[in-house]
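Asker: Have a look at this one before I ask anything.
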There are 2 protein chains.
Amino acid sequence: MTFKDATPDEIELVMQQAWKAFHIYRNFSLKQRAGFMRMIAKEIENLGDDLLKVTAEETHLPDARLRNERTRTMFQLTSYADACEKGDWLEARIDTAMPERNPPKPDIRKMLVPLGPVVVFGAANFPFAYSTAGGDTATAFAAGCPVIVKAHPAHARTSELIANAINKAATVCSMPVGVFRHVHGVSNSVGKALVEHPFTKAVGFTGSLAGGKQLFDWSNQRKEPIPVFAEMSSINPVFLLPGKMNESASEIATMYSASVTLGVGQFCTNPGLIIGIESSGLQTFIHDLGKAIQHIAPGTMLHSGIAKNYSEKREEALMQEDVHLVAEAEAAPKALQGQPTIATTDGKTFLKNPVLHKEVFGPYSIVVRCTDMNEMLEVARTLEGQLTATLMAIENDIKENDELVGAVKNICGRIILNSVPTGVEVCLSMQHGGPFPATTDSRFTSVGADAIKRFARPLAYQNWSNEFLPDELKNENTLEIWRIVDNKLTNSSI
Amino acid sequence: MTFKDATPDEIELVMQQAWKAFHIYRNFSLKQRAGFMRMIAKEIENLGDDLLKVTAEETHLPDARLRNERTRTMFQLTSYADACEKGDWLEARIDTAMPERNPPKPDIRKMLVPLGPVVVFGAANFPFAYSTAGGDTATAFAAGCPVIVKAHPAHARTSELIANAINKAATVCSMPVGVFRHVHGVSNSVGKALVEHPFTKAVGFTGSLAGGKQLFDWSNQRKEPIPVFAEMSSINPVFLLPGKMNESASEIATMYSASVTLGVGQFCTNPGLIIGIESSGLQTFIHDLGKAIQHIAPGTMLHSGIAKNYSEKREEALMQEDVHLVAEAEAAPKALQGQPTIATTDGKTFLKNPVLHKEVFGPYSIVVRCTDMNEMLEVARTLEGQLTATLMAIENDIKENDELVGAVKNICGRIILNSVPTGVEVCLSMQHGGPFPATTDSRFTSVGADAIKRFARPLAYQNWSNEFLPDELKNENTLEIWRIVDNKLTNSSI
């Protein structure tokens with residue numbers, strides 16, 4: 001089944017509907033929004049195994065993974081619905097009037113309000129959790145924004161099924177027409193038209209650096225620039241500190257052979273760069289990692305474009321001067337498969353060759369052998385922004401390397417100690433975002449309920465009578481929201 | 001006295017120093033940052049009346065205004081210091097581990113960390129409160145960022161004096177060299193070099209649309225785009241609703257004659273656009289407003305560029321077809337003075353002529369006479385983003401005009417009922433920011449302690465032992481910060 005690209009007229013209609021819906025949906029209560037989100041989860045569940053079958057065909061993802069991802073998607077919808085209803089994200093602040101002051105201090109009350117229609121571009125590698133009804137859509141709905149999804153061409157049928165589920169939920173919950181719209185587009189012109197439409201007020205994206213940067217540029221070149229949250233590119237460096245390598249090089253190699261190849265390496269948090277210091281521990285690590293990789297079978301990648309890209313980027317990396325292949329999977333890859341690969345180079349080569357700093361999206365990682373801690377520090381300082389960075393370290397490693405720890409913190413959104421970066425927990429404390437090019441705005445996250453804030457802005461009410469204020473800001477705090485009232489945090493009424 | 005533009009070498013040195021300072025200052029405790037900010041306030045006070053004399057010469061602002069603004073600046077520094085120390089702005093979130101879960105849930109803890117060196121461009125119209133030691137500088141310091149100020153050429157001597165006070169405070173508080181740097185630059189190339197420097201991680205700006213948009217474009221065209229918070233352009237529409245005009249047209253005219261001309265109209269919240277519906281009430285309002293304006297003396301503007309700009313923009317507006325002069329100050333303006341002016345036009349003319357939607361920075365306002373509520377609604381929907389919008393309305397006006405109220409909320413950062421937009425209270429509930437072109441990022445404010453968040457980003461710690469976590473995230477909550485722990489807001493220890 002193929003879908004036609006949306007025409008300019010269709011896009012105009014969709015945006016008109018979304019704009020109209022915005023003025024209704026923005027006034028819906030937190031409870032109503034949460035109800036809608038929970039109903040979407042239910043309608044996705046109702047799609048049953050038919051959905052999984054279609055998605056497996058489109059993405060080549062194994063059944064267990066798809067079941068897990070579907071569960072995760074429903075958990076996101078319901079847990080963000082809970083957060084939406086709880087209202088902590090509204091950042092409600094109230095300063096009551098002081099009429100006796102000279103000059104009199106007015107009553108001012110502030111809370112977050114929705115930006116407007118949000119255009120969402122889903123991820124190839126998460127057909128459920130970061131696509132049509134994924135994190136961006138869920139958090140935009142929570143914020144009070146209508147959503148227009150451009151279906152990912154690589155899983156357009158999945159997207160269509162999920163879109164139907166969302167529309168069904170919208171009908172059941174009496175949402176305004178246009179609260180959710182779904183368009184197809186293989187051509188870039190569809191995405192461009194959506195981003196450039198004056199009714200679009202924000203963009204969510206998960207994908208390649210080239211794609212995200214293009215949306216970012218289009219958005220900033222508009223007459224009215226709009227915020228873009230694009231999650232793009234990260235090689236998730238892992239720093240192997242000397243004390244830890246002395247103790248557990250083999251265990252770490254086993255841990256990382258699994259992390260590098262998890263899901264055929266198709267995770268944004270895949271550890272594509274491992275940095276150690278020349279030592280017998282590092283030799284053991286490289287040896288054991290290589291050996292483990294040889295026995296991991298190549299897996300089928302999401303689609304031919306990604307498989308081709310992996311093969312090309314892998315070749316390019318391996319062709320660089322002073323880069324050596326450590327090991328690759330012994331089984332030869334078939335069509336569309338990604339071959340697990342470990343390469344290595346020395347610190348100097350890595351520092352001077354920007355090609356080695358680029359993401360190779362797939363089951364690939366390069367181990368950089370530094371001469372000493374100073375060179376490792378230089379590597380940490382040279383790296384671009386990352387979603388995650390990991391330290392493999394014993395207590396002394398941390399205590400003795402303040403500068404390194406500081407430099408690593410400075411380049412990432414999440415810093416992990418003695419674990420792997422793959423696996424992104426959906427919880428409030430999660431930061432999934434980081435300095436450019438990991439994302440376009442490191443001040444926000446795309447995972448966890450704080451992601452709602454990407455699509456909202458503060459609105460202050462000055463000198464309003466209680467009657468006309470939104471419930472969230474009225475004296476009677478019937479919603480029991482935590483608010484800062486006259487500089488004191490409270491969930492009581494005034 | 002004149003100052004030389006910073007050379008490229010000087011800029012390079014300044015940025016190197018700021019970058020080095022960043023790695024030290026970011027680790028300073030909230031208490032240390034707050035102490036530094038309070039000391040800056042003290043050192044500004046220590047400058048005494050010498051400062052006021054210089055600033056009066058440079059800006060032509062009257063003594064009383066300068067004293068007030070100095071007090072406001074010191075209040076900002078000390079109240080943001082209090083907020084910094086309290087730590088609510090850190091958005092601390094903790095999810096404790098669940099090792100028994102399958103898969104095990106890791107311990108994750110998140111808080112805001114500083115972005116890096118912030119370049120600040122001060123405002124012509126607030127030589128203290130939104131310049132060298134103004135809101136941007138104070139909030140960047142609170143966030144843990146070094147600051148590089150480019151002195152505003154129109155008050156470079158004032159900027160130099162304040163910079164000295166900041167440097168003195170830095171010495172007293174043992175801050176790292178480079179935590180604050182001050183450069184002069186009449187040429188745009190200085191600002192461009194600062195914004196484009198790779199060590200610059202954010203920009204704060206208050207000024208014209210052209211200036212702010214230029215910084216925004218430079219920042220987005222960098223290899224690593226950086227966030228810019230520019231507060232630029234707003235005409236602060238005032239909607240006169242029919243019921244209210246029936247009751248109190250004259251009182252409103254008096255109120256607004258003062259607001260339009262306050263500080264020679266040189267406030268970003270100046271009401272430059274007043275929208276009413278044809279009626280005898282509106283006639284009374286226009287008549288009384290005109291009469292009041294005639295008796296308000298022209299005032300000296302900040303500098304010749306602003307005076308020239310006002311005179312030109314005012315002429316341009318008055319020359320537009322179907323725009324009529326209602327009244328201007330009877331006293332003829334002298335050199336550098338701005339002449340209080342009220343113009344009027346009908347709704348249709350306003351809707352079709354974009355010139356009338358542009359800011360005329362000075363004591364000018366245009367009254368738009370709509371034929372009915374539908375036309376007023378159309379005006380509200382057509383307006384660009386604003387810092388503020390005001391409704392003059394009785395209860396029935398609000399009750400009967402849902403759509404208008406909704407449309408007005410949608411274009412502004414602060415919505416005021418039955419008052420004037422001038423006067424921006426420094427408090428947590430204040431939102432000073434709005435949809436473009438009011439600012440470049442409506443998700444943030446430049447006034448109130450939430451402004452700290454502009455210069456910070458979340459960093460999550462995964463699987464860290466308590467010992468190595470920052471104090472703000474340790475189990476023992478010695479700082480008594482409010483944190484969301486396992487989805488519950490608490491200021492207790494774990």
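For the structure tokens, the naming scheme is as follows: chains receive sequential letters (A, B, ...) according to their order of presentation, residues are indexed from 1 within each chain, and ligands are indexed from 1 in presentation order.
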Write out as a VMD selection string the residues lying within 12 Å of Arg454 in chain A, counting only C-alpha atoms and excluding same-chain residues fewer than 5 positions away.

Answerer: (chain A and resid 89 to 90 112 to 116 118 135 to 145 201 to 204 226 to 230 433 440 to 449) or (chain B and resid 441 to 444)

Asker: Kindly assemble as CSV a list of the range 163-250 of chain A residues that lie within 10 Å of range 39-43 of chain A, each paired with its nearest atom pair and their distance in Å to one decimal, using only C-alpha atoms, sorted first by chain and then by ascending residue number.

Answerer:
```
residue,atom,partner,partner_atom,distance
A:Ala163,CA,A:Ile40,CA,9.6
A:Asn164,CA,A:Glu43,CA,8.8
A:Ala165,CA,A:Glu43,CA,5.2
A:Ile166,CA,A:Ile40,CA,5.3
A:Asn167,CA,A:Ile40,CA,8.4
A:Lys168,CA,A:Glu43,CA,7.2
A:Ala169,CA,A:Ile40,CA,5.3
A:Ala170,CA,A:Ile40,CA,7.9
A:Val172,CA,A:Met39,CA,8.0
A:Cys173,CA,A:Met39,CA,7.7
```

Asker: Near Ser187 in chain B, within 12 Å and counting only C-alpha atoms, which residues show up once chain neighbours fewer than 3 positions away are dropped, as a compact mmCIF listing (two decimals) with N, CA, C and O atoms, in the first residue's frame?

Answerer:
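Output saved as around-v2.txt:
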```
# COMPACT_ATOMS: atom_id res chain seq x y z
N PHE B 3 35.42 55.39 24.14
CA PHE B 3 36.08 54.11 24.35
C PHE B 3 36.36 53.48 23.00
O PHE B 3 35.59 53.64 22.06
N LYS B 4 37.45 52.75 22.97
CA LYS B 4 37.81 52.08 21.71
C LYS B 4 37.04 50.78 21.57
O LYS B 4 36.84 50.05 22.55
N ASP B 5 36.67 50.47 20.35
CA ASP B 5 36.06 49.17 20.08
C ASP B 5 37.06 48.07 20.41
O ASP B 5 38.25 48.19 20.13
N ALA B 6 36.56 47.00 21.00
CA ALA B 6 37.42 45.85 21.28
C ALA B 6 37.94 45.27 19.97
O ALA B 6 37.19 45.16 18.99
N THR B 7 39.21 44.92 19.94
CA THR B 7 39.80 44.31 18.75
C THR B 7 39.50 42.81 18.75
O THR B 7 39.17 42.24 19.80
N LYS B 150 28.55 43.66 26.30
CA LYS B 150 28.96 44.69 25.35
C LYS B 150 28.26 45.98 25.76
O LYS B 150 27.03 46.05 25.76
N ALA B 151 29.07 46.96 26.14
CA ALA B 151 28.51 48.22 26.63
C ALA B 151 27.63 48.86 25.57
O ALA B 151 27.96 48.85 24.39
N HIS B 152 26.49 49.40 26.00
CA HIS B 152 25.67 50.15 25.05
C HIS B 152 26.39 51.47 24.74
O HIS B 152 26.70 52.23 25.65
N PRO B 153 26.64 51.76 23.46
CA PRO B 153 27.41 52.97 23.12
C PRO B 153 26.75 54.25 23.62
O PRO B 153 27.44 55.24 23.86
N VAL B 183 33.23 44.74 27.35
CA VAL B 183 33.89 45.27 26.14
C VAL B 183 33.05 46.39 25.55
O VAL B 183 31.83 46.45 25.75
N HIS B 184 33.75 47.28 24.86
CA HIS B 184 33.06 48.36 24.16
C HIS B 184 32.99 48.04 22.68
O HIS B 184 33.83 47.29 22.16
N VAL B 190 31.83 44.03 16.59
CA VAL B 190 32.16 43.56 17.94
C VAL B 190 31.07 42.59 18.44
O VAL B 190 31.36 41.48 18.90
N GLY B 191 29.83 43.01 18.29
CA GLY B 191 28.72 42.14 18.69
C GLY B 191 28.72 40.85 17.91
O GLY B 191 28.50 39.77 18.46
N LYS B 192 29.00 40.94 16.63
CA LYS B 192 29.00 39.75 15.77
C LYS B 192 30.07 38.77 16.23
O LYS B 192 29.82 37.56 16.37
N ALA B 193 31.28 39.31 16.49
CA ALA B 193 32.38 38.44 16.92
C ALA B 193 32.05 37.76 18.25
O ALA B 193 32.35 36.58 18.46
```

Asker: Out of range 168-320 of chain A, which residues get helix (DSSP H, G or I) from DSSP, as number ranges by chain?

Answerer: A: 168-172, 188-196, 209-221, 242-265, 280-294, 304-319

Asker: Residues near range 217-220 of chain A, anyone? I mean within 8 Å using only C-alpha atoms, not counting same-chain ones fewer than 2 positions away, as a list in words.

Answerer: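 Counting only C-alpha atoms, the residues come to Lys192, Val195, Glu196, Lys213, Gln214, Leu215, Arg222, Glu224, Pro225, Ile226, Pro227 and Val228 of chain A; Asp217 and Asn220 of chain B.
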
Asker: If we count only C-alpha atoms and set the cut-off at 6 Å, which residues sit around range 391-408 of chain B, ignoring sequence neighbours fewer than 4 positions away in its own chain? Please answer as a list in words.

Answerer: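 So the residues in contact are Val238, Phe239, Leu240, Leu241, Gly243, Lys244, Leu377, Ala380, Arg381, Leu417 and Asn418 of chain B.
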
Asker: Just to be explicit: take each residue in the selection above, keep C-alpha atoms, and write the result as a PDB file, in the first residue's frame.

Answerer:
```pdb
ATOM      1  CA  VAL B 238      -5.276  48.113  24.601  1.00  0.00           C
ATOM      2  CA  PHE B 239      -8.790  46.920  23.863  1.00  0.00           C
ATOM      3  CA  LEU B 240     -11.545  49.271  24.990  1.00  0.00           C
ATOM      4  CA  LEU B 241     -14.673  47.178  25.431  1.00  0.00           C
ATOM      5  CA  GLY B 243     -19.536  48.374  28.410  1.00  0.00           C
ATOM      6  CA  LYS B 244     -16.457  49.895  30.000  1.00  0.00           C
ATOM      7  CA  LEU B 377     -11.799  40.538  16.906  1.00  0.00           C
ATOM      8  CA  ALA B 380      -6.849  41.027  17.674  1.00  0.00           C
ATOM      9  CA  ARG B 381      -6.314  38.044  15.403  1.00  0.00           C
ATOM     10  CA  LEU B 417      -7.365  43.976  33.068  1.00  0.00           C
ATOM     11  CA  ASN B 418      -8.398  47.581  33.671  1.00  0.00           C
TER      12      ASN B 418
END
```

Asker: Do you know which residues are at most 7 Å from range 8-12 of chain A counting only C-alpha atoms, after dropping those on the same chain fewer than 3 positions away, and could you put them as a PyMOL selection string?

Answerer: chain A and resi 15-16+194

Asker: For CA of Asp95 in chain A and CA of Gly87 in chain B, quote the distance in Å rounded to one decimal.

Answerer: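 Atom-to-atom, CA of Asp95 in chain A to CA of Gly87 in chain B, that is 18.5 Å.
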